[in-house]
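Shown below: model_2.tsv, with TSV, C-alpha atoms.
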```tsv
chain	number	residue	atom	x	y	z
A	1	MET	CA	-50.68	-38.02	72.31
A	2	PRO	CA	-51.21	-38.00	68.58
A	3	LYS	CA	-54.75	-36.75	68.15
A	4	THR	CA	-55.16	-37.22	64.41
A	5	LEU	CA	-54.76	-40.08	62.00
A	6	TYR	CA	-51.98	-38.17	60.27
A	7	GLU	CA	-50.03	-37.76	63.53
A	8	VAL	CA	-50.30	-41.47	64.37
A	9	LEU	CA	-49.05	-42.47	60.91
A	10	GLN	CA	-46.21	-39.93	61.08
A	11	TRP	CA	-45.18	-41.33	64.46
A	12	ALA	CA	-45.18	-44.85	62.99
A	13	LYS	CA	-43.06	-43.71	60.03
A	14	GLU	CA	-40.55	-41.99	62.32
A	15	ASN	CA	-40.31	-44.81	64.87
A	16	GLY	CA	-40.93	-47.93	62.82
A	17	GLU	CA	-39.49	-49.64	59.83
A	18	VAL	CA	-39.77	-48.42	56.24
A	19	LYS	CA	-42.91	-50.47	55.57
A	20	ALA	CA	-44.64	-49.56	58.86
A	21	VAL	CA	-47.65	-47.89	57.23
A	22	ASP	CA	-48.05	-50.81	54.81
A	23	ARG	CA	-48.13	-53.20	57.75
A	24	ILE	CA	-50.65	-51.01	59.59
A	25	ARG	CA	-52.81	-51.02	56.46
A	26	VAL	CA	-53.05	-54.83	56.61
A	27	PHE	CA	-54.37	-54.66	60.19
A	28	VAL	CA	-57.01	-52.00	59.54
A	29	LEU	CA	-57.99	-52.55	55.90
A	30	PRO	CA	-61.64	-53.61	56.42
A	31	ASN	CA	-62.41	-50.60	58.60
A	32	ALA	CA	-60.38	-48.27	56.37
A	33	LEU	CA	-62.65	-49.26	53.50
A	34	ARG	CA	-65.75	-48.62	55.64
A	35	GLU	CA	-64.36	-45.23	56.68
A	36	GLY	CA	-63.38	-44.37	53.11
A	37	VAL	CA	-59.80	-43.68	54.19
A	38	ILE	CA	-56.77	-44.51	52.07
A	39	LEU	CA	-53.81	-44.59	54.45
A	40	ALA	CA	-51.31	-43.70	51.71
A	41	ALA	CA	-53.28	-40.50	51.02
A	42	VAL	CA	-53.75	-39.32	54.62
A	43	ASN	CA	-52.93	-35.66	55.20
A	44	PRO	CA	-53.25	-33.37	58.25
A	45	LYS	CA	-56.89	-32.62	57.37
A	46	THR	CA	-58.01	-36.24	56.96
A	47	ALA	CA	-60.91	-36.97	59.30
A	48	CYS	CA	-61.96	-40.32	60.74
A	49	SER	CA	-64.02	-41.71	63.60
A	50	ARG	CA	-62.60	-42.08	67.10
A	51	GLU	CA	-62.99	-45.84	66.83
A	52	PHE	CA	-60.95	-46.01	63.64
A	53	LEU	CA	-58.27	-43.73	65.11
A	54	ALA	CA	-58.04	-46.02	68.14
A	55	GLU	CA	-57.73	-49.06	65.87
A	56	VAL	CA	-54.96	-47.45	63.80
A	57	ARG	CA	-53.17	-46.37	66.96
A	58	LYS	CA	-53.30	-49.93	68.34
A	59	ALA	CA	-52.02	-51.32	65.02
A	60	ALA	CA	-49.23	-48.71	64.92
A	61	GLU	CA	-48.13	-49.67	68.42
A	62	ALA	CA	-48.06	-53.34	67.42
A	63	VAL	CA	-46.04	-52.63	64.27
A	64	VAL	CA	-43.56	-50.25	65.93
A	65	GLY	CA	-43.27	-52.35	69.07
A	66	LYS	CA	-43.73	-49.59	71.63
A	67	PRO	CA	-46.58	-47.43	72.93
A	68	CYS	CA	-47.59	-44.36	71.00
A	69	PRO	CA	-46.62	-41.30	73.10
A	70	ASN	CA	-49.25	-39.54	75.19
```

Please go through the file and, once you have read it, give me the structure as structure tokens.
Amino acid sequence: MPKTLYEVLQWAKENGEVKAVDRIRVFVLPNALREGVILAAVNPKTACSREFLAEVRKAAEAVVGKPCPN
């Protein structure tokens, strides 16, 4: 199971379409602003709350069309 924001976004890039992260951004934009996270600038050390990670994971699954691996 991807445990970091970076891992979830990497999974979406590898398993989704070219614009997968852009589509995820649309789903989570309000909370990304509250968290102070810019999805295009996420790196392995980027930290976020559990709630935001769960929201991004859910959006990634919706965009990719399959469950994120455990």

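Across A:Val8, A:Val21, A:Ala40, A:Val28, the tightest approach to Phe52 in chain A is made by A:Val28 when counting all atoms listed in the file.
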
- Query: Mind pulling up the distance from CA of Asn15 in chain A to CA of Arg57 in chain A?
  - Reply: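 Going from CA of Arg57 in chain A over to CA of Asn15 in chain A, I get 13.1 Å.
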
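Taking CA of Gly16 in chain A as the reference point, CA of Leu39 in chain A is found at 15.7 Å.
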
- Query: What does the distance between CA of Ile38 in chain A and CA of Val63 in chain A come to in Å, to one decimal place?
  - Reply: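 Value for the CA of Ile38 in chain A-CA of Val63 in chain A distance: 18.2 Å.
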
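Closest approach to Asn31 in chain A among A:Glu17, A:Ala12, A:Asn43, A:Val56: A:Val56, based on all atoms listed in the file.
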
- Query: What lies within 10 Å of Val37 in chain A using all atoms listed in the file, ignoring chain neighbours under 3 positions off, as a PyMOL selection string?
  - Reply: chain A and resi 5+29+31-34+40-42+46-48+52

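Nearest to Asp22 in chain A of all the residues A:Glu51, A:Pro44, A:Lys3, A:Leu9 is A:Leu9, counting all atoms listed in the file.
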
- Task: Would you mind telling me which residue in A:Thr4, A:Ala60, A:Cys68, A:Ser49 lies nearest to Val26 in chain A when using only C-alpha atoms?
- Result: A:Ala60

- Nearest to Ala59 in chain A, chosen from A:Glu7, A:Lys13, A:Phe27, A:Lys19, with all atoms listed in the file counted in the distances: A:Phe27

Rebuild all heavy atoms on range 28-39 of chain A, as a compact mmCIF listing (two decimals), in the frame of the given file?
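Below is the file result.txt, written as the result:
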```
# COMPACT_ATOMS: atom_id res chain seq x y z
N VAL A 28 -55.80 -52.83 59.47
CA VAL A 28 -57.01 -52.00 59.54
C VAL A 28 -57.78 -51.92 58.22
O VAL A 28 -58.75 -51.16 58.12
CB VAL A 28 -56.68 -50.58 60.04
CG1 VAL A 28 -56.02 -50.62 61.40
CG2 VAL A 28 -55.83 -49.81 59.05
N LEU A 29 -57.40 -52.68 57.23
CA LEU A 29 -57.99 -52.55 55.90
C LEU A 29 -59.52 -52.61 55.87
O LEU A 29 -60.15 -51.74 55.27
CB LEU A 29 -57.41 -53.60 54.94
CG LEU A 29 -57.89 -53.50 53.50
CD1 LEU A 29 -57.54 -52.15 52.90
CD2 LEU A 29 -57.29 -54.61 52.66
N PRO A 30 -60.17 -53.58 56.50
CA PRO A 30 -61.64 -53.61 56.42
C PRO A 30 -62.30 -52.33 56.93
O PRO A 30 -63.21 -51.79 56.30
CB PRO A 30 -62.03 -54.81 57.29
CG PRO A 30 -60.81 -55.67 57.33
CD PRO A 30 -59.65 -54.72 57.24
N ASN A 31 -61.82 -51.82 58.05
CA ASN A 31 -62.41 -50.60 58.60
C ASN A 31 -61.98 -49.36 57.82
O ASN A 31 -62.73 -48.39 57.75
CB ASN A 31 -62.08 -50.45 60.08
CG ASN A 31 -62.87 -51.43 60.92
OD1 ASN A 31 -63.96 -51.85 60.53
ND2 ASN A 31 -62.34 -51.81 62.05
N ALA A 32 -60.80 -49.39 57.22
CA ALA A 32 -60.38 -48.27 56.37
C ALA A 32 -61.32 -48.15 55.18
O ALA A 32 -61.70 -47.04 54.78
CB ALA A 32 -58.94 -48.45 55.91
N LEU A 33 -61.72 -49.29 54.63
CA LEU A 33 -62.65 -49.26 53.50
C LEU A 33 -64.01 -48.71 53.95
O LEU A 33 -64.62 -47.91 53.23
CB LEU A 33 -62.81 -50.67 52.93
CG LEU A 33 -61.57 -51.24 52.25
CD1 LEU A 33 -61.79 -52.70 51.85
CD2 LEU A 33 -61.20 -50.41 51.04
N ARG A 34 -64.47 -49.14 55.12
CA ARG A 34 -65.75 -48.62 55.64
C ARG A 34 -65.68 -47.12 55.90
O ARG A 34 -66.65 -46.41 55.67
CB ARG A 34 -66.12 -49.34 56.94
CG ARG A 34 -66.84 -50.62 56.69
CD ARG A 34 -67.38 -51.21 57.99
NE ARG A 34 -67.00 -52.62 57.92
CZ ARG A 34 -66.16 -53.23 58.73
NH1 ARG A 34 -65.64 -52.60 59.74
NH2 ARG A 34 -65.86 -54.50 58.56
N GLU A 35 -64.54 -46.66 56.38
CA GLU A 35 -64.36 -45.23 56.68
C GLU A 35 -64.12 -44.41 55.41
O GLU A 35 -64.24 -43.20 55.43
CB GLU A 35 -63.16 -45.03 57.61
CG GLU A 35 -63.34 -45.56 59.00
CD GLU A 35 -63.98 -44.56 59.95
OE1 GLU A 35 -63.85 -43.34 59.74
OE2 GLU A 35 -64.61 -45.02 60.90
N GLY A 36 -63.71 -45.09 54.34
CA GLY A 36 -63.38 -44.37 53.11
C GLY A 36 -62.03 -43.68 53.20
O GLY A 36 -61.82 -42.64 52.58
N VAL A 37 -61.12 -44.27 53.98
CA VAL A 37 -59.80 -43.68 54.19
C VAL A 37 -58.74 -44.51 53.49
O VAL A 37 -58.69 -45.73 53.65
CB VAL A 37 -59.47 -43.60 55.71
CG1 VAL A 37 -58.05 -43.14 55.93
CG2 VAL A 37 -60.45 -42.70 56.42
N ILE A 38 -57.91 -43.86 52.72
CA ILE A 38 -56.77 -44.51 52.07
C ILE A 38 -55.53 -44.05 52.83
O ILE A 38 -55.18 -42.87 52.80
CB ILE A 38 -56.68 -44.10 50.58
CG1 ILE A 38 -57.95 -44.53 49.86
CG2 ILE A 38 -55.44 -44.70 49.94
CD1 ILE A 38 -58.10 -43.95 48.47
N LEU A 39 -54.91 -44.98 53.57
CA LEU A 39 -53.81 -44.59 54.45
C LEU A 39 -52.67 -43.91 53.70
O LEU A 39 -52.02 -43.02 54.25
CB LEU A 39 -53.28 -45.79 55.23
CG LEU A 39 -54.26 -46.40 56.25
CD1 LEU A 39 -53.56 -47.50 57.03
CD2 LEU A 39 -54.83 -45.37 57.17
```
